[in-house]
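In what follows, a structure is listed as structure tokens, so that the remarks can point back to it.
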Amino acid sequence: MDTLLESIPKSMTQMLNKAVQAVRQSRKTMAFSHIDADGISALAIVVMALNREKLQVEWRNIHQINSETIVEIRDEVENYQPDLVVFSDFGTGQIELVRNLVADLDYVEHAIVLDHHLPQDEESRQTQSFTSDRLIEINPSHHGMNGSYDISGAGVAFLLALSLSTENVDLAELAIVGATGDLQDYYGKGFSGINKKILELGEDAGYLRVTKDLTFFGVNTRPLPYLLQYATDPYLPGITGDETACFMFFEELGIPLKDGNDEWRTWVDLESDEKQRIIQRLIQVVIDSYNDPIVATGLVGDVVILTQRPEKTEMRSAKEFSTLLNACGRNKQPEVGVKVCLGDSEAVANGRYLLQQHRQNLAQSLRLLEDGGFVTMPGFYLVNDPEIPDTIIGVVIGMAQSSRIIPIDKPVIGVSSDSSNDSPLVKLSGRAHRSLIKRGLNLKETFVSVAENMNKKYGILVAEAGGHPMAAGAFIHKDHVDEFLKLSSQHMAKVLNN
């Protein structure tokens, strides 16, 4: 445990120590976090670590911090009047909004930002974390680490928890769940940086184990035919969504679907030779369906097992756990995911229902794209379908590229106007293959640059953006979406053509 904390830069350790002091001085705390699996995991880590310090924590999940939601956050803080406010898995890209909030509220003695997203500009990336007597920002980007690949928001929250007490080592499992949710294991190919050290710490403490296995969701829980029917990563043409085809798949291989007690068999019930036959056939299906054989390499990878969690449940593997949490967030009930992490058995049942809805929504959305639901622009592929909910558009386009439903030679931008509120803002999500990042593309920098130029042009706030090189997002006023897309396309085409 000491080795992990000793391995991070001293400048980051200093920020963590200041945060520890702020926690120990607090009497009343409020925490805010993002709605995805990483944000949910990060919030659960914060809540549990602070509860163990005998602090009661009022907490909320927020879709994002922007000029609209900061008003909601202010109202929540004013109602509760905490002396400590914690932001996890966001805050760095909105540091001015956070700083202004703290400056206006005298009773907030400290605010802590635990984030891994890139700062909004190159200058702030090269400086130390923003810190003052009242605001403490902890972000790996300020300390020479890569927050896009090497540590997640939950990982940063875990570093604070471990700094508070080495007894918080059990929270390593949630740190890895958060990192998995942010795809920092790069589709089962393994973790790097601080994530790898957190994983090793969890292994040494007996909370985590890594094995090579099928990477599909549902290996612990789903009857075999339904494991394939709802497979979306990768999408299996002719199998995903087709129940009859899934039953025939196993019948042709001669693999029994039920055991001697007439109970459905799951993947973890299979013998090694049965697994091998299935994997070989799946590889052939993928190779026959896609021009890119690399897709097949994602079928098998590192699977992180949470050894203290019940077998044959969604919480047994990091991937399934993170998918359940994402399902809660994407179905606009992130608080259910947090409660699952906190051990609420009733929340687990609710989470499973949301998960079922989530997988059905993903499969349906991918089928829409398989039927040609995207267009080609000079700099990217565009998905603009109001039938795809705004809460899952980023997940869908990412899966579509990983399955090669959409090619990977350009980024893909998803636009969703499917919003349950009357906000004038439209959500854009972008995803890019790692190979494009190596060629110099950076989605976050593109979105931020275009947004800043448009805001300057109109003299008002019409666009806000943030994220990572491979995955970024923006909120655009509905009257300016076409302009934002045009400028982004020009910028990306210029980078890719060079």
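Each chain of the structure tokens is named A, B, ... in the order shown, its residues numbered from 1; ligands are numbered from 1 in display order.
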- Message: I want to know what sits within 6 Å of segment 374-383 of chain A, based on only C-alpha atoms, with residues of the same chain fewer than 6 positions away left out; could you give that as a list of chain:residue names?
- Response: A:Lys410, A:Pro411, A:Val412, A:Ile413, A:Gly414, A:Ser489, A:Met492, A:Ala493
Those residues you just picked out, can you put them in a file as a PDB file, in the first residue's frame with C-alpha atoms?
ATOM      1  CA  LYS A 410     -12.226   8.299 -38.979  1.00  0.00           C
ATOM      2  CA  PRO A 411     -13.742   9.268 -35.640  1.00  0.00           C
ATOM      3  CA  VAL A 412     -17.477   8.938 -35.147  1.00  0.00           C
ATOM      4  CA  ILE A 413     -19.680  11.707 -33.785  1.00  0.00           C
ATOM      5  CA  GLY A 414     -23.084  10.967 -32.318  1.00  0.00           C
ATOM      6  CA  SER A 489     -15.253  18.124 -39.515  1.00  0.00           C
ATOM      7  CA  MET A 492     -10.451  16.669 -38.041  1.00  0.00           C
ATOM      8  CA  ALA A 493     -10.090  16.275 -41.804  1.00  0.00           C
TER       9      ALA A 493
END
- segment 96-104 of chain A: which residues within 12 Å, counting only C-alpha atoms, same-chain residues fewer than 6 positions away excluded, as a PyMOL selection string? chain A and resi 32+64-78+81-87+90+110-113+119-120+124+130-137
- For Leu270 of chain A, the nearest of the candidates A:Leu171, A:Ala37, A:Ile283, A:Leu214, counting only C-alpha atoms: A:Leu214
- Contact residues around Tyr458 of chain A with only C-alpha atoms at 12 Å, ignoring same-chain residues under 5 positions, as a PyMOL selection string: chain A and resi 451-453+463+477+480
Selection from above, C-alpha atoms, as an mmCIF file, in the first residue's frame, can you write it?
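selection05.cif written:
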data_model
loop_
_atom_site.group_PDB
_atom_site.id
_atom_site.type_symbol
_atom_site.label_atom_id
_atom_site.label_comp_id
_atom_site.auth_asym_id
_atom_site.auth_seq_id
_atom_site.Cartn_x
_atom_site.Cartn_y
_atom_site.Cartn_z
ATOM 1 C CA ALA A 451 -16.509 25.661 -28.816
ATOM 2 C CA GLU A 452 -14.207 28.481 -27.711
ATOM 3 C CA ASN A 453 -14.091 29.975 -31.216
ATOM 4 C CA ALA A 463 -21.043 25.506 -26.744
ATOM 5 C CA HIS A 477 -27.151 25.186 -28.365
ATOM 6 C CA HIS A 480 -25.619 26.020 -33.619
#
Write out as a Markdown table the residues of segment 315-399 of chain A that have any atom within 10 Å of an atom of segment 49-61 of chain A, one row each with the nearest atom pair and its distance in Å to one decimal, counting only C-alpha atoms, sorted by chain and then rising number.
| residue | atom | partner | partner_atom | distance |
| --- | --- | --- | --- | --- |
| A:Gly329 | CA | A:Asn61 | CA | 8.7 |
| A:Lys332 | CA | A:Asn61 | CA | 9.7 |
| A:Gln333 | CA | A:Asn61 | CA | 8.9 |
| A:Pro334 | CA | A:Asn61 | CA | 6.4 |
| A:Glu335 | CA | A:Asn61 | CA | 6.8 |
| A:Val338 | CA | A:Asn61 | CA | 9.0 |
Kindly provide the residues of segment 151-249 of chain A that approach segment 352-373 of chain A to within 9 Å, each paired with its closest atom pair and their distance in Å to one decimal, based on only C-alpha atoms, listed by chain and increasing number, as a Markdown table.
| residue | atom | partner | partner_atom | distance |
| --- | --- | --- | --- | --- |
| A:Tyr230 | CA | A:Arg359 | CA | 6.7 |
| A:Ala231 | CA | A:Ala363 | CA | 7.9 |
| A:Thr232 | CA | A:Ala363 | CA | 6.4 |
| A:Tyr235 | CA | A:Leu366 | CA | 7.9 |
| A:Pro237 | CA | A:Glu370 | CA | 8.8 |
| A:Thr240 | CA | A:Ala363 | CA | 7.6 |
| A:Gly241 | CA | A:Ala363 | CA | 6.9 |
- Item | Shortest interatomic distance to Asp292 of chain A - which of A:Val495, A:Met248, A:Ala157, A:Ser403, counting only C-alpha atoms | A:Ser403
